[in-house]
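Input: a single structure, listed below in structure tokens.
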Amino acid sequence: MVRPQPDDAAAAMDTGDPPPDDARTDGPYRCTLKLPGHARAISAVRFSPDGTLLASASADATVRLHDTRTGSLYAVLRGHMQGVSDVAWSSDSAMVATASDDMTVMLWDVATATLLRILRGHSNYVFCVAFNGASNLLLSGSFDETIRVWDARTGACIKTLPAHSDPVSSVSFSKDGTLIVSSSYDGLVRLWDADSGQCLKTLVGADNPPVGSVVFSPNGTYVLVATLDSKVRLWEYGTAKVVKTYGGGCDERYCMPAVFVPVPPSLVGQVTTPHVVSGSEAGAPVIWDGHTKSVLQRLAGHKSPVVAVTAHPVRAVIATGGMADDPTVRVWVHEADVGDDPSVADIPRVPQPDTFEPGEDGLGGEGGIGIGIGGGGVGAANGGAGVFGGPADGSGGDGDGTTDGSGSSGDESDGLSDDSLSTGDTGFTGSSGTDSSGGTGSSESDRGRGGGGGRRPGAPRYRRR
């Protein structure tokens, strides 16, 4: 098979199958491509870093790779015995990792569409995977509540992190590879030292909703968190402040991703923030203005809930995947994105003006909590207490943290441009100790092992919680 080349990738995004009549909605994004082929629900979609291929994972146990130049099928990866929940690309676009209900992670060579190795060790469904920037390390998160760090070259498990008290819903490396972030249905977002595996900080909202996904911002200063209360929040994790809250979504039953969408190169200098997009149980993924938090557009066209959403690495292009009633992939392009080439090669690396200006959010408005890991224990369970830790016995109390949650929005103007990437003093506290927080309730999964005391989802992301 011939791999599409970055310099020969004129977008099928602009010339593919005609979209359905109801695909165009009132907003800047339009559906330009519809890709059928999966037999069951689509659980994840991912553009390759070079922009030439689009991967889609499905409950039908396959991963399909489509050429973004022609929209044609490049390859189908078959090998898993059960549904595939996630897919991740290596930074050079040469390798794909897949996570499956069969409790394995598989590594694939993209050029030949052949299986390289199988990573075994998880004792329950593998829900999420992510490479680091160097692509020598791979993360996997599982319903067994652990994160595993793998050597992507040898397939050896380097370390296992007992990460959460409920299934791990999302994992990601920071851009420089020094930090790991994870989320779970236990309602927690955790930051980890990638080298030592030590938990550095835990973030949790006042209402502690289950967390469906988390991803670092381009400069590593923020994390974007999607929760099962139909909201997406932007946390400045160094200060444990919620600086933006995006409402108006529809997410209470499924594990939905939320991602940043690059600003079209032609609008850099005019647009001050990236857009944010999330899946939707109503079938129309929601796009927000990153600064104003207003709903910019709902991508109408799918005929089922959409739990698979991703954005192109440098273009204002979004891909979505539907569930069982509509297992198709759709590609949406911003009207100002005039590039003919979906690849990275011919698009200048314009610094993205990802600046989030001060707003009314912050800990007081949202009641968000930051829990410091270390000597301080756990802070109070409301928005009016210290952020970085309470009494040493972990009993809560008012804490003596350096950040007050009583209503101050703090400084929310830190930029998110690639040029300002920094992982310096982020306000982490403590170098040892444990977190005494836990989930609530006692429901058990109708699939997978019970126990744990948290709000365990019923099944992987393409099924209802």
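To be explicit about the labels: the chains of the structure tokens are called A, B, and onward in the order shown, and within each one the residues are counted from 1, while ligands get numbers from 1 in the order they are shown.
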Surrounding residues of Tyr246 in chain A excluding itself and chain neighbours under 5 positions, 10 Å, only C-alpha atoms, as a PyMOL selection string: chain A and resi 226+230-234+276-278+286-295
Strand (DSSP E or B) call set, DSSP backbone run, range 164-202 of chain A, as a ChimeraX atom specification: /A:168-173,179-184,188-193,199-202
Output N, CA and C atoms for every residue in the selection just made, as a PDB file, in the first residue's frame.
ATOM      1  N   VAL A 168     -10.204   4.448  34.816  1.00  0.00           N
ATOM      2  CA  VAL A 168      -9.479   5.592  34.249  1.00  0.00           C
ATOM      3  C   VAL A 168     -10.094   5.913  32.893  1.00  0.00           C
ATOM      4  N   SER A 169     -10.536   7.147  32.720  1.00  0.00           N
ATOM      5  CA  SER A 169     -11.240   7.521  31.494  1.00  0.00           C
ATOM      6  C   SER A 169     -10.355   8.210  30.468  1.00  0.00           C
ATOM      7  N   SER A 170      -9.215   8.781  30.905  1.00  0.00           N
ATOM      8  CA  SER A 170      -8.387   9.539  29.969  1.00  0.00           C
ATOM      9  C   SER A 170      -6.980   9.672  30.525  1.00  0.00           C
ATOM     10  N   VAL A 171      -5.988   9.622  29.640  1.00  0.00           N
ATOM     11  CA  VAL A 171      -4.591   9.852  30.012  1.00  0.00           C
ATOM     12  C   VAL A 171      -3.928  10.685  28.925  1.00  0.00           C
ATOM     13  N   SER A 172      -2.949  11.483  29.323  1.00  0.00           N
ATOM     14  CA  SER A 172      -2.246  12.313  28.346  1.00  0.00           C
ATOM     15  C   SER A 172      -0.921  12.770  28.925  1.00  0.00           C
ATOM     16  N   PHE A 173       0.077  12.926  28.049  1.00  0.00           N
ATOM     17  CA  PHE A 173       1.345  13.546  28.414  1.00  0.00           C
ATOM     18  C   PHE A 173       1.281  15.045  28.150  1.00  0.00           C
ATOM     19  N   LEU A 179       5.068  15.669  32.446  1.00  0.00           N
ATOM     20  CA  LEU A 179       3.884  15.451  33.273  1.00  0.00           C
ATOM     21  C   LEU A 179       2.910  14.503  32.586  1.00  0.00           C
ATOM     22  N   ILE A 180       2.153  13.803  33.399  1.00  0.00           N
ATOM     23  CA  ILE A 180       1.044  12.975  32.948  1.00  0.00           C
ATOM     24  C   ILE A 180      -0.211  13.500  33.627  1.00  0.00           C
ATOM     25  N   VAL A 181      -1.304  13.549  32.897  1.00  0.00           N
ATOM     26  CA  VAL A 181      -2.587  13.890  33.499  1.00  0.00           C
ATOM     27  C   VAL A 181      -3.554  12.739  33.254  1.00  0.00           C
ATOM     28  N   SER A 182      -4.368  12.444  34.243  1.00  0.00           N
ATOM     29  CA  SER A 182      -5.343  11.359  34.125  1.00  0.00           C
ATOM     30  C   SER A 182      -6.680  11.812  34.691  1.00  0.00           C
ATOM     31  N   SER A 183      -7.742  11.164  34.234  1.00  0.00           N
ATOM     32  CA  SER A 183      -9.082  11.442  34.751  1.00  0.00           C
ATOM     33  C   SER A 183      -9.801  10.128  34.982  1.00  0.00           C
ATOM     34  N   SER A 184     -10.892  10.212  35.749  1.00  0.00           N
ATOM     35  CA  SER A 184     -11.596   8.994  36.124  1.00  0.00           C
ATOM     36  C   SER A 184     -13.045   9.296  36.479  1.00  0.00           C
ATOM     37  N   LEU A 188     -12.010  12.659  39.809  1.00  0.00           N
ATOM     38  CA  LEU A 188     -10.718  13.289  40.042  1.00  0.00           C
ATOM     39  C   LEU A 188      -9.918  13.449  38.755  1.00  0.00           C
ATOM     40  N   VAL A 189      -9.150  14.532  38.703  1.00  0.00           N
ATOM     41  CA  VAL A 189      -8.112  14.730  37.694  1.00  0.00           C
ATOM     42  C   VAL A 189      -6.790  14.757  38.447  1.00  0.00           C
ATOM     43  N   ARG A 190      -5.835  13.965  37.996  1.00  0.00           N
ATOM     44  CA  ARG A 190      -4.570  13.878  38.718  1.00  0.00           C
ATOM     45  C   ARG A 190      -3.400  14.197  37.802  1.00  0.00           C
ATOM     46  N   LEU A 191      -2.424  14.913  38.366  1.00  0.00           N
ATOM     47  CA  LEU A 191      -1.172  15.245  37.694  1.00  0.00           C
ATOM     48  C   LEU A 191      -0.067  14.393  38.284  1.00  0.00           C
ATOM     49  N   TRP A 192       0.754  13.806  37.404  1.00  0.00           N
ATOM     50  CA  TRP A 192       1.801  12.878  37.815  1.00  0.00           C
ATOM     51  C   TRP A 192       3.145  13.316  37.247  1.00  0.00           C
ATOM     52  N   ASP A 193       4.202  13.048  37.995  1.00  0.00           N
ATOM     53  CA  ASP A 193       5.550  13.206  37.472  1.00  0.00           C
ATOM     54  C   ASP A 193       5.828  12.027  36.548  1.00  0.00           C
ATOM     55  N   CYS A 199       2.336  11.049  42.229  1.00  0.00           N
ATOM     56  CA  CYS A 199       1.193  11.945  42.071  1.00  0.00           C
ATOM     57  C   CYS A 199       1.536  13.289  42.687  1.00  0.00           C
ATOM     58  N   LEU A 200       1.457  14.339  41.882  1.00  0.00           N
ATOM     59  CA  LEU A 200       1.826  15.677  42.314  1.00  0.00           C
ATOM     60  C   LEU A 200       0.636  16.501  42.780  1.00  0.00           C
ATOM     61  N   LYS A 201      -0.498  16.284  42.178  1.00  0.00           N
ATOM     62  CA  LYS A 201      -1.668  17.090  42.524  1.00  0.00           C
ATOM     63  C   LYS A 201      -2.935  16.392  42.054  1.00  0.00           C
ATOM     64  N   THR A 202      -4.014  16.642  42.786  1.00  0.00           N
ATOM     65  CA  THR A 202      -5.336  16.159  42.411  1.00  0.00           C
ATOM     66  C   THR A 202      -6.292  17.333  42.338  1.00  0.00           C
TER      67      THR A 202
END
With only C-alpha atoms as the counted atoms, please give the residues lying no more than 12 Å from Lys175 in chain A, apart from itself and same-chain residues fewer than 2 positions off, as a count of residues only. 30
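Take CA of Phe127 in chain A and CA of Asp325 in chain A: the distance between them is 21.9 Å.
Look at Leu77 in chain A: the protein and nucleic acid residues within 9 Å of it, using only C-alpha atoms and passing over chain neighbours fewer than 3 places away, are Ala61, Thr62, Val63, Arg64, Leu65, His80, Trp108, Ala113, Thr114 and Leu115 of chain A.
The spacing separating CA of Thr245 in chain A from CA of Val126 in chain A amounts to 29.2 Å.
You will find CA of Tyr185 in chain A at 24.6 Å from CA of Leu137 in chain A.
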What's the 7 Å shell around range 151-160 of chain A, counting only C-alpha atoms, without same-chain residues fewer than 3 positions away, as JSON, numbers by chain? {"A": [117, 119, 136, 137, 138, 146, 147, 148]}
